[in-house]
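Source file protein-v1.txt; content: compact mmCIF, C-alpha atoms.
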```txt
# COMPACT_ATOMS: atom_id res chain seq x y z
CA MET O 20 -36.67 -61.86 -88.38
CA HIS O 21 -34.82 -59.14 -86.56
CA THR O 22 -36.40 -55.73 -86.69
CA ALA O 23 -34.74 -52.47 -85.88
CA ALA O 24 -35.95 -51.11 -82.57
CA GLY O 25 -34.60 -47.63 -83.15
CA SER O 26 -31.67 -45.80 -81.63
CA GLN O 27 -29.32 -45.96 -84.57
CA ALA O 28 -25.96 -44.16 -84.66
CA ARG O 29 -23.13 -43.83 -87.16
CA LEU O 30 -19.58 -43.07 -86.05
CA PRO O 31 -16.52 -42.34 -88.19
CA ILE O 32 -13.40 -44.48 -87.80
CA ARG O 33 -10.51 -42.33 -89.02
CA SER O 34 -8.07 -42.14 -86.09
CA ASP O 35 -7.01 -43.82 -82.85
CA MET O 36 -9.22 -41.33 -80.99
CA ASP O 37 -12.19 -42.57 -83.00
CA LEU O 38 -11.42 -46.09 -81.71
CA VAL O 39 -11.87 -44.75 -78.16
CA TRP O 40 -15.23 -43.20 -79.13
CA VAL O 41 -16.36 -46.47 -80.74
CA ARG O 42 -15.58 -48.45 -77.58
CA GLN O 43 -17.34 -45.91 -75.36
CA HIS O 44 -20.38 -45.78 -77.63
CA VAL O 45 -20.71 -49.57 -77.82
CA ARG O 46 -20.37 -49.90 -74.03
CA GLN O 47 -23.07 -47.26 -73.51
CA ALA O 48 -25.40 -48.72 -76.17
CA ALA O 49 -24.97 -52.25 -74.74
CA ALA O 50 -25.76 -51.03 -71.21
CA GLN O 51 -28.86 -49.18 -72.45
CA THR O 52 -29.99 -52.31 -74.30
CA GLY O 53 -29.78 -54.32 -71.07
CA PHE O 54 -26.57 -56.32 -71.47
CA GLY O 55 -24.83 -57.39 -68.27
CA LEU O 56 -21.23 -56.37 -67.63
CA VAL O 57 -19.66 -59.58 -69.03
CA ASP O 58 -21.69 -59.40 -72.25
CA GLN O 59 -20.96 -55.67 -72.56
CA THR O 60 -17.25 -56.46 -72.32
CA LYS O 61 -17.49 -59.18 -75.00
CA LEU O 62 -19.26 -56.84 -77.39
CA VAL O 63 -16.87 -53.94 -76.70
CA THR O 64 -13.89 -56.28 -77.23
CA ALA O 65 -15.27 -57.50 -80.57
CA ALA O 66 -16.07 -53.91 -81.60
CA SER O 67 -12.57 -52.76 -80.66
CA GLU O 68 -10.96 -55.43 -82.83
CA LEU O 69 -13.28 -54.77 -85.78
CA ALA O 70 -12.88 -50.99 -85.52
CA ARG O 71 -9.08 -51.33 -85.47
CA ASN O 72 -9.26 -53.57 -88.56
CA THR O 73 -11.42 -50.93 -90.26
CA LEU O 74 -8.81 -48.26 -89.49
CA VAL O 75 -5.59 -50.23 -90.07
CA TYR O 76 -6.54 -52.42 -93.06
CA GLY O 77 -9.45 -50.52 -94.56
CA GLY O 78 -7.92 -47.06 -94.28
CA GLY O 79 -10.83 -45.91 -92.13
CA GLY O 80 -14.57 -46.19 -92.46
CA THR O 81 -17.65 -46.19 -90.27
CA MET O 82 -19.41 -48.12 -87.53
CA GLU O 83 -23.18 -48.14 -87.29
CA THR O 84 -25.07 -49.33 -84.22
CA GLU O 85 -28.67 -50.41 -84.27
CA GLN O 86 -30.86 -51.71 -81.49
CA LEU O 87 -32.77 -54.86 -82.46
CA ALA O 88 -35.95 -56.59 -81.36
CA ASP O 89 -36.92 -60.19 -82.08
CA GLY O 90 -40.15 -60.99 -80.29
CA GLY O 91 -39.37 -60.13 -76.68
CA ALA O 92 -35.60 -60.35 -77.16
CA ARG O 93 -33.43 -57.25 -77.39
CA GLY O 94 -30.11 -57.00 -79.15
CA LEU O 95 -27.56 -54.77 -80.73
CA ARG O 96 -26.17 -54.90 -84.27
CA LEU O 97 -22.83 -53.31 -85.19
CA THR O 98 -21.83 -52.77 -88.82
CA PHE O 99 -18.24 -51.88 -89.70
CA ALA O 100 -17.63 -50.73 -93.28
CA ASP O 101 -14.61 -49.53 -95.20
CA GLU O 102 -13.64 -48.97 -98.80
CA GLY O 103 -10.15 -50.40 -98.42
CA PRO O 104 -8.40 -53.09 -100.45
CA GLY O 105 -10.68 -55.91 -99.23
CA ILE O 106 -9.68 -59.35 -98.00
CA ALA O 107 -8.26 -61.76 -100.56
CA ASP O 108 -8.66 -64.94 -98.47
CA LEU O 109 -11.63 -64.73 -96.09
CA GLU O 110 -11.20 -68.32 -94.90
CA GLN O 111 -7.62 -67.63 -93.81
CA ALA O 112 -8.55 -64.30 -92.23
CA LEU O 113 -11.30 -66.02 -90.18
CA SER O 114 -9.10 -68.91 -89.04
CA ASP O 115 -7.95 -69.11 -85.43
CA GLY O 116 -4.47 -67.84 -84.84
CA PHE O 117 -4.34 -65.77 -88.03
CA THR O 118 -2.94 -62.36 -87.27
CA SER O 119 -1.15 -59.68 -89.15
CA GLY O 120 0.53 -58.56 -85.95
CA GLU O 121 -1.81 -55.62 -85.24
CA GLY O 122 -4.76 -55.13 -82.92
CA LEU O 123 -5.67 -57.22 -79.89
CA GLY O 124 -4.52 -60.46 -81.48
CA LEU O 125 -8.08 -61.80 -81.58
CA GLY O 126 -8.47 -61.42 -85.29
CA LEU O 127 -11.78 -61.85 -87.07
CA GLY O 128 -12.18 -65.39 -85.72
CA GLY O 129 -11.88 -64.20 -82.13
CA ALA O 130 -14.32 -61.36 -82.71
CA ARG O 131 -16.74 -63.85 -84.29
CA ARG O 132 -16.69 -66.02 -81.13
CA LEU O 133 -17.58 -63.06 -78.91
CA VAL O 134 -20.93 -62.36 -80.62
CA HIS O 135 -24.07 -64.34 -81.49
CA GLU O 136 -24.19 -63.45 -85.18
CA PHE O 137 -21.32 -62.65 -87.55
CA GLY O 138 -21.33 -61.85 -91.25
CA ILE O 139 -18.62 -60.52 -93.53
CA GLU O 140 -18.58 -59.35 -97.11
CA SER O 141 -15.27 -58.62 -98.76
CA ALA O 142 -13.33 -59.11 -101.94
CA PRO O 143 -10.13 -57.58 -103.30
CA GLY O 144 -10.77 -54.00 -104.39
CA THR O 145 -14.28 -53.75 -102.90
CA GLY O 146 -13.70 -52.92 -99.25
CA THR O 147 -15.05 -54.90 -96.31
CA THR O 148 -18.32 -54.88 -94.38
CA VAL O 149 -18.61 -56.83 -91.13
CA ARG O 150 -21.96 -57.14 -89.32
CA VAL O 151 -22.21 -58.57 -85.82
CA ALA O 152 -25.15 -58.88 -83.46
CA SER O 153 -25.51 -59.92 -79.84
CA TRP O 154 -28.65 -60.57 -77.83
CA VAL O 155 -29.42 -59.90 -74.18
CA GLY O 156 -29.57 -63.11 -72.15
CA ARG O 157 -28.78 -65.58 -74.94
CA PRO O 158 -26.06 -68.14 -74.35
CA PRO O 159 -22.90 -67.85 -76.47
CA ARG O 160 -22.62 -69.71 -79.74
CA PRO O 161 -21.20 -73.22 -79.43
CA ARG O 162 -17.52 -73.43 -80.25
CA GLU O 163 -16.98 -74.90 -83.69
CA GLU O 164 -14.81 -77.98 -83.71
CA SER O 165 -12.14 -78.14 -86.40
```

Structure re-expressed in structure tokens:
Amino acid sequence: MHTAAGSQARLPIRSDMDLVWVRQHVRQAAAQTGFGLVDQTKLVTAASELARNTLVYGGGGTMETEQLADGGARGLRLTFADEGPGIADLEQALSDGFTSGEGLGLGLGGARRLVHEFGIESAPGTGTTVRVASWVGRPPRPREES
């Protein structure tokens, strides 16, 4: 079970400038947690894509960061939430190559591959919440064969 290890922050996502703040905050939080440069970059890239989705598709929302502890392991959880229109077809939205033409072109599937844990809750009319977590020193998740 993952327990919060403190150092929680909540940032608004309402403008392109907020996307810059999100990236900077995630980079700083990842460095403070002990992530190496490559893993920091993966987490910042995933956060950038998810924050842009929150702004563009959800009409804005928030990102929360939370440091985690699991035994001796340290990690970081990011939660992106909006009250937008929601996602009608989660399976399609998570599939490789699915893009609406915005963002980095990674989509949700690409962001999912950059982190250790990925969860999404969404339905039409209910908004979307995406939670991701990465752990210091853990190998990446195996690529799922289709």

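Using only C-alpha atoms, the smallest distance between any of O:Thr147, O:Gln27, O:Ser114, O:Ser67 and Glu85 (chain O) comes from O:Gln27.
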
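For region 50-66 of chain O, the set of protein, DNA and RNA residues having any atom at most 8 Å away, when counting only C-alpha atoms and skipping those fewer than 2 positions along the same chain, is Val41, Arg42, Val45, Arg46, Gln47, Ala48, Glu68, Leu69, Ala70, Gln86, Arg93, Gly94, Leu95, Leu97, Gly129, Ala130, Arg131, Leu133, Val134, Ser153, Trp154, Val155 and Gly156 of chain O.
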
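Taking all atoms listed in the file into account, Thr81 (chain O) lies nearest to O:Ala28 out of the set O:Ile139, O:Leu109, O:Ala152, O:Ala28.
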
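Across the model, the gap from CA of Ala88 (chain O) to CA of Leu74 (chain O) is 29.5 Å.
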
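The shortest atom-to-atom distance to Leu30 (chain O), with all atoms listed in the file taken into account, belongs to O:Ala100 out of O:Ile106, O:Ala92, O:Ala100, O:Val75.
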
Axis-aligned box over every listed atom of region 42-60 of chain O, padded by 4 Å per side: centre and edges in Å to one decimal, as JSON?
```
{"center_x": -22.8, "center_y": -52.7, "center_z": -72.7, "size_x": 22.4, "size_y": 21.8, "size_z": 18.2}
```

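Using all atoms listed in the file, the nearest neighbour of Met82 (chain O) within the list O:Arg132, O:Arg150, O:Phe137, O:Leu113 is O:Arg150.
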
**Asked** Can you list, as a PyMOL selection string, every protein, DNA or RNA residue that comes within 6 Å of Pro143 (chain O) when you count only C-alpha atoms, leaving out same-chain residues fewer than 5 positions away?
**Response** chain O and resi 104-107

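We find CA of Pro31 (chain O) and CA of Glu140 (chain O) to be spaced 19.3 Å apart.
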
A straight line from CA of Ile32 (chain O) to CA of Ala142 (chain O) spans 20.3 Å
